[in-house]
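Okay, data.cif is below, mmCIF, C-alpha atoms:
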data_model
loop_
_atom_site.label_atom_id
_atom_site.label_comp_id
_atom_site.auth_asym_id
_atom_site.auth_seq_id
_atom_site.Cartn_x
_atom_site.Cartn_y
_atom_site.Cartn_z
CA MET A 23 97.26 61.29 75.54
CA CYS A 24 97.51 59.05 72.50
CA ALA A 25 99.30 59.80 69.25
CA PRO A 26 100.47 57.98 66.14
CA GLY A 27 102.92 55.18 66.90
CA ARG A 28 103.51 51.46 66.48
CA THR A 29 100.93 48.94 67.60
CA ASP A 30 99.38 45.57 66.82
CA THR A 31 95.66 46.23 66.57
CA GLY A 32 94.75 44.00 63.66
CA LEU A 33 93.07 46.93 61.87
CA ALA A 34 92.77 46.60 58.10
CA ALA A 35 93.96 49.59 56.10
CA THR A 36 91.07 49.90 53.65
CA GLU A 37 89.89 53.04 51.91
CA ARG A 38 86.66 54.55 53.21
CA SER A 39 84.98 57.92 52.97
CA PRO A 40 85.26 59.86 56.26
CA ASP A 41 81.52 60.46 56.23
CA GLU A 42 80.92 56.71 56.01
CA ALA A 43 83.28 55.83 58.84
CA ASP A 44 82.05 52.85 60.80
CA THR A 45 80.94 52.85 64.42
CA ARG A 46 82.16 49.30 64.74
CA GLY A 47 80.48 47.48 67.63
CA GLY A 48 82.33 44.19 67.67
CA SER A 49 80.88 40.97 69.01
CA PRO A 50 80.95 40.35 72.78
CA GLY A 51 84.37 39.17 73.89
CA SER A 52 86.06 40.28 70.65
CA ASP A 53 88.51 42.43 72.61
CA GLU A 54 89.40 39.71 75.13
CA PRO A 55 92.76 38.87 73.47
CA ASP A 56 93.76 42.52 73.87
CA ILE A 57 92.54 42.56 77.47
CA GLU A 58 94.56 39.44 78.23
CA LEU A 59 97.66 40.95 76.63
CA LEU A 60 97.31 44.20 78.59
CA THR A 61 96.57 42.40 81.86
CA ALA A 62 99.12 39.59 81.80
CA GLY A 63 101.81 40.97 79.50
CA GLU A 64 105.27 42.11 80.49
CA LEU A 65 105.38 45.89 80.41
CA GLU A 66 108.51 47.67 79.18
CA ILE A 67 108.65 51.47 79.22
CA THR A 68 110.33 52.81 76.10
CA GLY A 69 109.41 56.50 76.26
CA ARG A 70 107.23 59.21 77.75
CA LEU A 71 104.63 61.46 76.16
CA VAL A 72 105.93 64.77 77.41
CA GLU A 73 102.94 66.81 76.15
CA ALA A 74 100.59 64.98 78.53
CA SER A 75 99.60 66.80 81.72
CA ASN A 76 99.82 63.57 83.72
CA ALA A 77 102.65 61.03 83.65
CA THR A 78 102.01 59.03 80.48
CA MET A 79 104.43 56.29 79.48
CA TYR A 80 104.79 54.77 76.01
CA CYS A 81 105.40 51.05 76.45
CA VAL A 82 105.81 47.76 74.65
CA ILE A 83 103.86 44.87 76.14
CA SER A 84 104.44 41.20 75.31
CA HIS A 85 102.68 37.97 76.22
CA ASN A 86 102.57 34.46 74.69
CA GLY A 87 104.43 35.48 71.56
CA ARG A 88 102.40 38.61 70.91
CA GLU A 89 103.73 42.15 71.20
CA ALA A 90 101.98 45.51 71.00
CA ALA A 91 102.43 49.12 72.00
CA CYS A 92 100.41 50.63 74.83
CA VAL A 93 100.06 53.64 77.09
CA TYR A 94 100.62 53.29 80.84
CA LYS A 95 99.42 56.03 83.19
CA PRO A 96 100.42 55.34 86.81
CA VAL A 97 98.17 56.75 89.52
CA ALA A 98 101.29 58.11 91.23
CA GLY A 99 101.86 60.40 88.23
CA GLU A 100 98.42 62.01 88.22
CA ARG A 101 98.32 65.78 88.59
CA PRO A 102 95.87 66.86 91.33
CA LEU A 103 92.72 68.60 90.04
CA TRP A 104 90.45 70.86 92.06
CA ASP A 105 87.22 69.35 90.72
CA PHE A 106 88.08 65.62 90.68
CA PRO A 107 89.23 63.48 93.63
CA HIS A 108 92.96 62.84 93.52
CA GLY A 109 94.03 59.40 92.36
CA THR A 110 90.82 58.60 90.44
CA LEU A 111 91.72 59.47 86.83
CA ALA A 112 92.82 55.92 85.96
CA ASP A 113 89.55 54.62 87.42
CA ARG A 114 87.58 56.96 85.17
CA GLU A 115 89.51 55.77 82.13
CA LEU A 116 88.41 52.23 82.98
CA ALA A 117 84.81 53.32 83.44
CA ALA A 118 84.88 55.04 80.04
CA PHE A 119 86.08 51.83 78.41
CA GLU A 120 83.26 49.85 80.02
CA VAL A 121 80.61 52.30 78.80
CA SER A 122 82.20 52.30 75.34
CA ARG A 123 82.08 48.52 75.26
CA ALA A 124 78.46 48.46 76.47
CA SER A 125 77.38 50.98 73.82
CA GLY A 126 78.79 48.87 70.98
CA TRP A 127 80.58 51.89 69.50
CA ASP A 128 84.09 50.73 70.39
CA ILE A 129 85.25 54.31 70.98
CA VAL A 130 87.76 53.63 73.76
CA PRO A 131 90.67 51.27 72.96
CA PRO A 132 91.00 48.18 75.19
CA THR A 133 91.93 49.40 78.67
CA VAL A 134 92.84 47.66 81.94
CA TYR A 135 93.94 48.57 85.45
CA ARG A 136 97.18 46.86 86.42
CA ASP A 137 100.44 47.20 88.29
CA GLY A 138 103.46 48.57 86.47
CA PRO A 139 106.99 49.88 86.97
CA PHE A 140 105.67 52.99 88.77
CA GLY A 141 102.82 51.30 90.60
CA PRO A 142 99.20 50.62 89.69
CA GLY A 143 97.54 52.55 86.91
CA MET A 144 95.73 52.50 83.60
CA CYS A 145 97.13 50.56 80.64
CA GLN A 146 95.56 51.11 77.21
CA LEU A 147 96.31 49.64 73.80
CA TRP A 148 98.05 52.14 71.54
CA VAL A 149 96.19 53.13 68.38
CA ASP A 150 97.97 54.14 65.19
CA ALA A 151 96.12 57.25 64.05
CA ASP A 152 96.04 57.94 60.32
CA PRO A 153 98.54 60.81 59.82
CA SER A 154 96.86 61.86 56.58
CA VAL A 155 93.69 62.97 58.40
CA ASP A 156 93.37 66.68 59.18
CA LEU A 157 92.14 66.50 62.77
CA ILE A 158 90.90 70.10 62.86
CA ALA A 159 88.78 69.49 59.75
CA LEU A 160 87.60 66.18 61.21
CA ALA A 161 86.50 67.83 64.46
CA ARG A 162 84.37 70.28 62.46
CA ASN A 163 82.76 67.60 60.29
CA SER A 164 79.00 67.37 60.80
CA ARG A 165 78.48 64.25 58.64
CA HIS A 166 81.01 61.87 60.22
CA LYS A 167 79.06 59.02 61.83
CA GLY A 168 81.80 58.00 64.22
CA LEU A 169 82.34 61.57 65.37
CA ARG A 170 78.63 62.04 66.00
CA ALA A 171 78.54 58.81 68.00
CA MET A 172 81.48 60.11 70.05
CA ALA A 173 79.54 63.29 70.85
CA VAL A 174 76.74 61.18 72.36
CA PHE A 175 79.22 58.96 74.19
CA ASP A 176 80.85 62.06 75.70
CA ALA A 177 77.45 63.27 76.87
CA VAL A 178 76.85 59.96 78.65
CA ILE A 179 80.20 59.94 80.44
CA ASN A 180 80.12 63.73 80.98
CA ASN A 181 83.52 64.18 79.37
CA ALA A 182 85.09 67.44 80.55
CA ASP A 183 88.01 67.32 78.12
CA ARG A 184 87.21 66.26 74.53
CA LYS A 185 90.00 67.99 72.61
CA ILE A 186 90.86 67.70 68.93
CA GLY A 187 94.08 65.89 69.81
CA HIS A 188 92.06 63.17 71.53
CA LEU A 189 90.60 62.01 68.21
CA LEU A 190 92.25 58.90 66.78
CA PRO A 191 91.00 58.13 63.25
CA THR A 192 92.41 54.88 61.86
CA PRO A 193 93.15 54.01 58.20
CA ASP A 194 90.13 51.69 58.04
CA GLY A 195 87.73 54.52 58.84
CA HIS A 196 87.07 53.83 62.52
CA LEU A 197 87.36 56.62 65.08
CA TYR A 198 88.79 56.03 68.54
CA GLY A 199 89.13 58.53 71.35
CA CYS A 200 91.57 58.74 74.25
CA ASP A 201 92.12 60.63 77.52
CA HIS A 202 88.85 60.10 79.41
CA GLY A 203 90.25 60.64 82.91
CA VAL A 204 88.23 63.78 83.64
CA SER A 205 84.81 62.26 83.07
CA PHE A 206 81.85 61.02 85.13
CA ALA A 207 81.46 64.02 87.42
CA GLU A 208 78.04 64.18 89.08
CA GLU A 209 77.38 67.76 87.96
CA TYR A 210 77.12 68.68 84.28
CA LYS A 211 80.66 69.43 83.06
CA LEU A 212 80.57 68.52 79.38
CA ARG A 213 83.43 70.32 77.61
CA THR A 214 84.03 69.34 74.01
CA VAL A 215 84.92 70.58 70.54
CA LEU A 216 81.97 68.56 69.18
CA TRP A 217 79.01 70.91 69.53
CA GLN A 218 77.94 70.93 65.85
CA TRP A 219 74.88 68.74 66.55
CA ARG A 220 73.58 70.59 69.63
CA GLY A 221 69.79 70.42 69.68
CA ASP A 222 69.63 68.05 66.71
CA PRO A 223 67.69 64.77 66.95
CA LEU A 224 69.74 61.71 67.87
CA THR A 225 70.38 59.17 65.13
CA ALA A 226 68.75 55.74 65.23
CA ASP A 227 72.19 54.27 65.95
CA ALA A 228 72.58 56.56 68.97
CA VAL A 229 69.15 55.60 70.29
CA GLN A 230 70.01 51.90 70.01
CA ALA A 231 73.34 52.42 71.78
CA LEU A 232 71.64 54.33 74.60
CA GLN A 233 69.04 51.58 74.89
CA ARG A 234 71.85 49.04 75.30
CA ILE A 235 73.54 51.16 77.97
CA CYS A 236 70.31 51.73 79.89
CA ALA A 237 69.33 48.06 79.68
CA LEU A 238 72.72 46.92 80.97
CA MET A 239 72.59 49.43 83.81
CA GLU A 240 69.02 48.41 84.68
CA GLN A 241 69.98 44.73 84.69
CA GLY A 242 72.81 45.62 87.05
CA ASP A 243 75.73 44.23 85.05
CA LEU A 244 77.11 47.55 83.85
CA SER A 245 76.22 49.33 87.09
CA LYS A 246 78.10 46.70 89.08
CA THR A 247 81.14 47.03 86.84
CA LEU A 248 81.14 50.83 87.04
CA ARG A 249 80.99 50.70 90.84
CA GLN A 250 84.50 49.22 90.75
CA TRP A 251 85.75 52.54 89.37
CA LEU A 252 83.22 55.21 90.36
CA THR A 253 81.24 56.24 93.42
CA GLU A 254 77.64 55.17 93.80
CA GLU A 255 76.57 58.77 93.11
CA GLU A 256 78.63 58.92 89.91
CA VAL A 257 77.16 55.65 88.67
CA SER A 258 73.65 56.95 89.37
CA ALA A 259 74.42 60.21 87.55
CA THR A 260 75.68 58.24 84.54
CA ARG A 261 72.46 56.24 84.40
CA ILE A 262 70.38 59.42 84.65
CA ARG A 263 72.32 61.09 81.82
CA ALA A 264 71.80 58.09 79.55
CA GLU A 265 68.09 57.94 80.42
CA MET A 266 67.61 61.67 79.79
CA LEU A 267 69.32 61.45 76.42
CA LEU A 268 67.09 58.52 75.51
CA ARG A 269 63.97 60.32 76.75
CA HIS A 270 64.57 63.61 74.92
CA ARG A 271 66.45 62.11 71.94
CA ILE A 272 68.38 65.25 71.09
CA HIS A 273 72.04 66.18 71.36
CA PRO A 274 72.68 68.24 74.50
CA TYR A 275 73.32 71.96 74.57
CA PRO A 276 76.45 73.59 76.01
CA PRO A 277 76.31 74.34 79.74
CA ASP A 278 75.49 77.89 80.83
CA ASP A 279 77.74 77.96 83.90
CA TRP A 280 80.73 75.94 82.70
CA PRO A 281 83.20 76.52 79.84
CA ALA A 282 81.80 74.61 76.86
CA VAL A 283 85.12 74.03 75.08
CA PRO A 284 88.32 72.73 76.71
CA TRP A 285 91.44 74.88 76.61
CA PRO A 286 93.50 74.53 74.61
CA PRO A 287 90.99 72.96 72.20
CA ILE A 288 93.76 71.03 70.42
#
I need this file expressed as structure tokens, please.
Amino acid sequence: MCAPGRTDTGLAATERSPDEADTRGGSPGSDEPDIELLTAGELEITGRLVEASNATMYCVISHNGREAACVYKPVAGERPLWDFPHGTLADRELAAFEVSRASGWDIVPPTVYRDGPFGPGMCQLWVDADPSVDLIALARNSRHKGLRAMAVFDAVINNADRKIGHLLPTPDGHLYGCDHGVSFAEEYKLRTVLWQWRGDPLTADAVQALQRICALMEQGDLSKTLRQWLTEEEVSATRIRAEMLLRHRIHPYPPDDWPAVPWPPI
């Protein structure tokens, strides 16, 4: 789980209407300095996020004169789940980052898989959320572009746990999301607080993002990357979900045989 804290993200604190929040989409390789920092930096644990269901460490990472805050989730600290293979949550966090990067939406903060004080696990750049934003009101907003993009992203990765507390709005108007460990199941398990667009046509931006994802999976680049973190069946299911969204071009409906909203929703 992510929450407000110190970090070095280079985000400009400019005023912007929540409804006009950007969906970013940086240039290819723009997050490489962050990836290098997270991969090669020296990791120092300074605290623990006790509200998280899995072991989640708050850390400071430093490399070549740069320092930033990050979250480290060791595989050894994962809580076993009945519907996801044990020891795979960190892998799914990495897969979510790769799909986020391919979409151009920049929803998932830079994330790597690396060794740490408690063994291998996921390491993700910490994002300073804007404390002035009412997250409950944000989650109910039907005009927020970044939130609507996140709803489509969650449908692609089959996110089974999009809670209000996983929304990270920044002062410059961008919206990040965290905690994507219970995603990419083969069967439909979408659980989210973002159902306000169900059945509505996808935006042009969403169609373009899905086209990018499908093209990269068809070319094999994204599929090859995802196979590092997911099973062949899960990669295939991800491609099918993206293709179906692109074919029907509407936001999905809640499942009939699976709880549609995670509990607790916050």
Quick check, in Å to one decimal: how far apart do atom CA of Gln250 of chain A and atom CA of Gly187 of chain A lie?
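Result for atom CA of Gln250 of chain A versus atom CA of Gly187 of chain A: 28.4 Å, one decimal.
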Show me, as CSV, the residues of segment 177-254 of chain A having an atom within 10 Å of segment 113-131 of chain A, each with the closest atom pair and its distance in Å, using only C-alpha atoms.
residue,atom,partner,partner_atom,distance
A:Val178,CA,A:Val121,CA,8.5
A:Ile179,CA,A:Ala118,CA,6.8
A:Asn180,CA,A:Ala118,CA,10.0
A:Asn181,CA,A:Ala118,CA,9.3
A:Leu189,CA,A:Ile129,CA,9.8
A:Leu190,CA,A:Ile129,CA,9.4
A:His196,CA,A:Ile129,CA,8.7
A:Leu197,CA,A:Ile129,CA,6.7
A:Tyr198,CA,A:Ile129,CA,4.6
A:Gly199,CA,A:Val130,CA,5.6
A:Cys200,CA,A:Val130,CA,6.4
A:Asp201,CA,A:Glu115,CA,7.2
A:His202,CA,A:Glu115,CA,5.2
A:Gly203,CA,A:Glu115,CA,5.0
A:Val204,CA,A:Arg114,CA,7.0
A:Ser205,CA,A:Arg114,CA,6.3
A:Phe206,CA,A:Arg114,CA,7.0
A:Ala207,CA,A:Arg114,CA,9.6
A:Asp227,CA,A:Trp127,CA,9.4
A:Ala228,CA,A:Ser125,CA,8.8
A:Gln230,CA,A:Ser125,CA,8.3
A:Ala231,CA,A:Ser125,CA,4.7
A:Leu232,CA,A:Ser125,CA,6.7
A:Gln233,CA,A:Ser125,CA,8.4
A:Arg234,CA,A:Ser125,CA,6.0
A:Ile235,CA,A:Ser125,CA,5.7
A:Cys236,CA,A:Ser125,CA,9.3
A:Ala237,CA,A:Ala124,CA,9.7
A:Leu238,CA,A:Ala124,CA,7.5
A:Met239,CA,A:Ala124,CA,9.4
A:Asp243,CA,A:Ala124,CA,9.9
A:Leu244,CA,A:Ala124,CA,7.6
A:Ser245,CA,A:Val121,CA,9.8
A:Thr247,CA,A:Glu120,CA,7.7
A:Leu248,CA,A:Ala117,CA,5.7
A:Arg249,CA,A:Ala117,CA,8.7
A:Gln250,CA,A:Asp113,CA,8.1
A:Trp251,CA,A:Asp113,CA,4.8
A:Leu252,CA,A:Arg114,CA,7.0
Could you expand the PyMOL selection byres ((chain A and resi 101) around 12) into the explicit residues it covers here, written as a VMD selection string?
chain A and resid 74 to 78 95 to 100 102 to 112 203 to 204
Pick from A:Gly195, A:Ala90, A:Glu54, A:Asp183: nearest to Ser154 of chain A, with only C-alpha atoms counted?
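Looking at the shortest contact to Ser154 of chain A, the residue is A:Gly195.
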Restricting the calculation to only C-alpha atoms, which member of A:Val134, A:Phe140, A:Glu89, A:Ala226 is positioned closest to Ile67 of chain A?
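Selected residue with least distance to Ile67 of chain A: A:Phe140.
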With the PyMOL selection byres ((chain A and resi 62) around 12) as the selection, what would be picked from this file? Answer as a PDB file with C-alpha atoms, keeping the file's coordinate frame, please.
ATOM      1  CA  GLU A  54      89.400  39.710  75.130  1.00  0.00           C
ATOM      2  CA  PRO A  55      92.760  38.870  73.470  1.00  0.00           C
ATOM      3  CA  ASP A  56      93.760  42.520  73.870  1.00  0.00           C
ATOM      4  CA  ILE A  57      92.540  42.560  77.470  1.00  0.00           C
ATOM      5  CA  GLU A  58      94.560  39.440  78.230  1.00  0.00           C
ATOM      6  CA  LEU A  59      97.660  40.950  76.630  1.00  0.00           C
ATOM      7  CA  LEU A  60      97.310  44.200  78.590  1.00  0.00           C
ATOM      8  CA  THR A  61      96.570  42.400  81.860  1.00  0.00           C
ATOM      9  CA  GLY A  63     101.810  40.970  79.500  1.00  0.00           C
ATOM     10  CA  GLU A  64     105.270  42.110  80.490  1.00  0.00           C
ATOM     11  CA  LEU A  65     105.380  45.890  80.410  1.00  0.00           C
ATOM     12  CA  ILE A  83     103.860  44.870  76.140  1.00  0.00           C
ATOM     13  CA  SER A  84     104.440  41.200  75.310  1.00  0.00           C
ATOM     14  CA  HIS A  85     102.680  37.970  76.220  1.00  0.00           C
ATOM     15  CA  ASN A  86     102.570  34.460  74.690  1.00  0.00           C
ATOM     16  CA  ARG A  88     102.400  38.610  70.910  1.00  0.00           C
ATOM     17  CA  GLU A  89     103.730  42.150  71.200  1.00  0.00           C
ATOM     18  CA  VAL A 134      92.840  47.660  81.940  1.00  0.00           C
ATOM     19  CA  TYR A 135      93.940  48.570  85.450  1.00  0.00           C
ATOM     20  CA  ARG A 136      97.180  46.860  86.420  1.00  0.00           C
ATOM     21  CA  ASP A 137     100.440  47.200  88.290  1.00  0.00           C
ATOM     22  CA  GLY A 138     103.460  48.570  86.470  1.00  0.00           C
ATOM     23  CA  CYS A 145      97.130  50.560  80.640  1.00  0.00           C
TER      24      CYS A 145
END
Tell me which protein, DNA and RNA residues are within 6 Å of segment 151-153 of chain A, counting only C-alpha atoms, leaving out same-chain ones fewer than 5 positions away, and put them as a list in words.
Pro26, Leu190, Pro191, Thr192 and Pro193 of chain A
Please produce a file of those selected residues containing C-alpha atoms, as a tab-separated table (two decimals), in the coordinates of the input.
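For reference, result-v6.tsv as written:
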chain	number	residue	atom	x	y	z
A	26	PRO	CA	100.47	57.98	66.14
A	190	LEU	CA	92.25	58.90	66.78
A	191	PRO	CA	91.00	58.13	63.25
A	192	THR	CA	92.41	54.88	61.86
A	193	PRO	CA	93.15	54.01	58.20
Fix up segment 233-265 of chain A with N, CA and C atoms, then write it as a CSV table (one decimal), in the coordinates of the input.
chain,number,residue,atom,x,y,z
A,233,GLN,N,69.9,52.6,74.4
A,233,GLN,CA,69.0,51.6,74.9
A,233,GLN,C,69.9,50.4,75.5
A,234,ARG,N,71.0,50.1,74.8
A,234,ARG,CA,71.8,49.0,75.3
A,234,ARG,C,72.4,49.4,76.6
A,235,ILE,N,72.9,50.7,76.7
A,235,ILE,CA,73.5,51.2,78.0
A,235,ILE,C,72.5,51.1,79.1
A,236,CYS,N,71.3,51.7,78.8
A,236,CYS,CA,70.3,51.7,79.9
A,236,CYS,C,69.9,50.3,80.3
A,237,ALA,N,69.7,49.4,79.4
A,237,ALA,CA,69.3,48.1,79.7
A,237,ALA,C,70.4,47.4,80.5
A,238,LEU,N,71.7,47.6,80.2
A,238,LEU,CA,72.7,46.9,81.0
A,238,LEU,C,72.8,47.5,82.4
A,239,MET,N,72.5,48.8,82.5
A,239,MET,CA,72.6,49.4,83.8
A,239,MET,C,71.4,49.0,84.6
A,240,GLU,N,70.2,48.9,84.0
A,240,GLU,CA,69.0,48.4,84.7
A,240,GLU,C,69.2,47.0,85.2
A,241,GLN,N,69.8,46.1,84.3
A,241,GLN,CA,70.0,44.7,84.7
A,241,GLN,C,71.0,44.6,85.8
A,242,GLY,N,71.8,45.6,86.0
A,242,GLY,CA,72.8,45.6,87.0
A,242,GLY,C,74.2,45.3,86.6
A,243,ASP,N,74.4,44.7,85.5
A,243,ASP,CA,75.7,44.2,85.0
A,243,ASP,C,76.7,45.4,84.9
A,244,LEU,N,76.3,46.4,84.1
A,244,LEU,CA,77.1,47.6,83.8
A,244,LEU,C,77.3,48.4,85.1
A,245,SER,N,76.2,48.6,85.9
A,245,SER,CA,76.2,49.3,87.1
A,245,SER,C,77.2,48.7,88.1
A,246,LYS,N,77.2,47.4,88.2
A,246,LYS,CA,78.1,46.7,89.1
A,246,LYS,C,79.5,46.9,88.6
A,247,THR,N,79.8,46.8,87.3
A,247,THR,CA,81.1,47.0,86.8
A,247,THR,C,81.6,48.5,87.1
A,248,LEU,N,80.8,49.4,86.9
A,248,LEU,CA,81.1,50.8,87.0
A,248,LEU,C,81.4,51.2,88.5
A,249,ARG,N,80.8,50.4,89.4
A,249,ARG,CA,81.0,50.7,90.8
A,249,ARG,C,82.4,50.3,91.3
A,250,GLN,N,83.1,49.5,90.5
A,250,GLN,CA,84.5,49.2,90.8
A,250,GLN,C,85.4,50.5,90.6
A,251,TRP,N,84.9,51.4,89.7
A,251,TRP,CA,85.8,52.5,89.4
A,251,TRP,C,85.2,53.9,89.8
A,252,LEU,N,83.9,53.9,90.1
A,252,LEU,CA,83.2,55.2,90.4
A,252,LEU,C,82.5,55.1,91.7
A,253,THR,N,82.1,56.2,92.2
A,253,THR,CA,81.2,56.2,93.4
A,253,THR,C,79.8,55.9,93.0
A,254,GLU,N,79.0,55.5,94.0
A,254,GLU,CA,77.6,55.2,93.8
A,254,GLU,C,76.9,56.4,93.2
A,255,GLU,N,77.2,57.6,93.6
A,255,GLU,CA,76.6,58.8,93.1
A,255,GLU,C,76.9,59.0,91.7
A,256,GLU,N,78.2,58.7,91.3
A,256,GLU,CA,78.6,58.9,89.9
A,256,GLU,C,78.0,57.9,89.0
A,257,VAL,N,77.8,56.7,89.5
A,257,VAL,CA,77.2,55.6,88.7
A,257,VAL,C,75.7,56.0,88.4
A,258,SER,N,75.0,56.5,89.5
A,258,SER,CA,73.6,57.0,89.4
A,258,SER,C,73.5,58.1,88.4
A,259,ALA,N,74.5,59.1,88.5
A,259,ALA,CA,74.4,60.2,87.6
A,259,ALA,C,74.6,59.8,86.1
A,260,THR,N,75.5,58.8,85.9
A,260,THR,CA,75.7,58.2,84.5
A,260,THR,C,74.4,57.6,84.0
A,261,ARG,N,73.7,56.9,84.8
A,261,ARG,CA,72.5,56.2,84.4
A,261,ARG,C,71.4,57.3,84.1
A,262,ILE,N,71.3,58.3,84.9
A,262,ILE,CA,70.4,59.4,84.6
A,262,ILE,C,70.7,60.2,83.3
A,263,ARG,N,72.0,60.4,83.1
A,263,ARG,CA,72.3,61.1,81.8
A,263,ARG,C,71.9,60.3,80.6
A,264,ALA,N,72.2,59.0,80.7
A,264,ALA,CA,71.8,58.1,79.6
A,264,ALA,C,70.3,58.1,79.4
A,265,GLU,N,69.6,58.0,80.5
A,265,GLU,CA,68.1,57.9,80.4
A,265,GLU,C,67.5,59.3,79.9
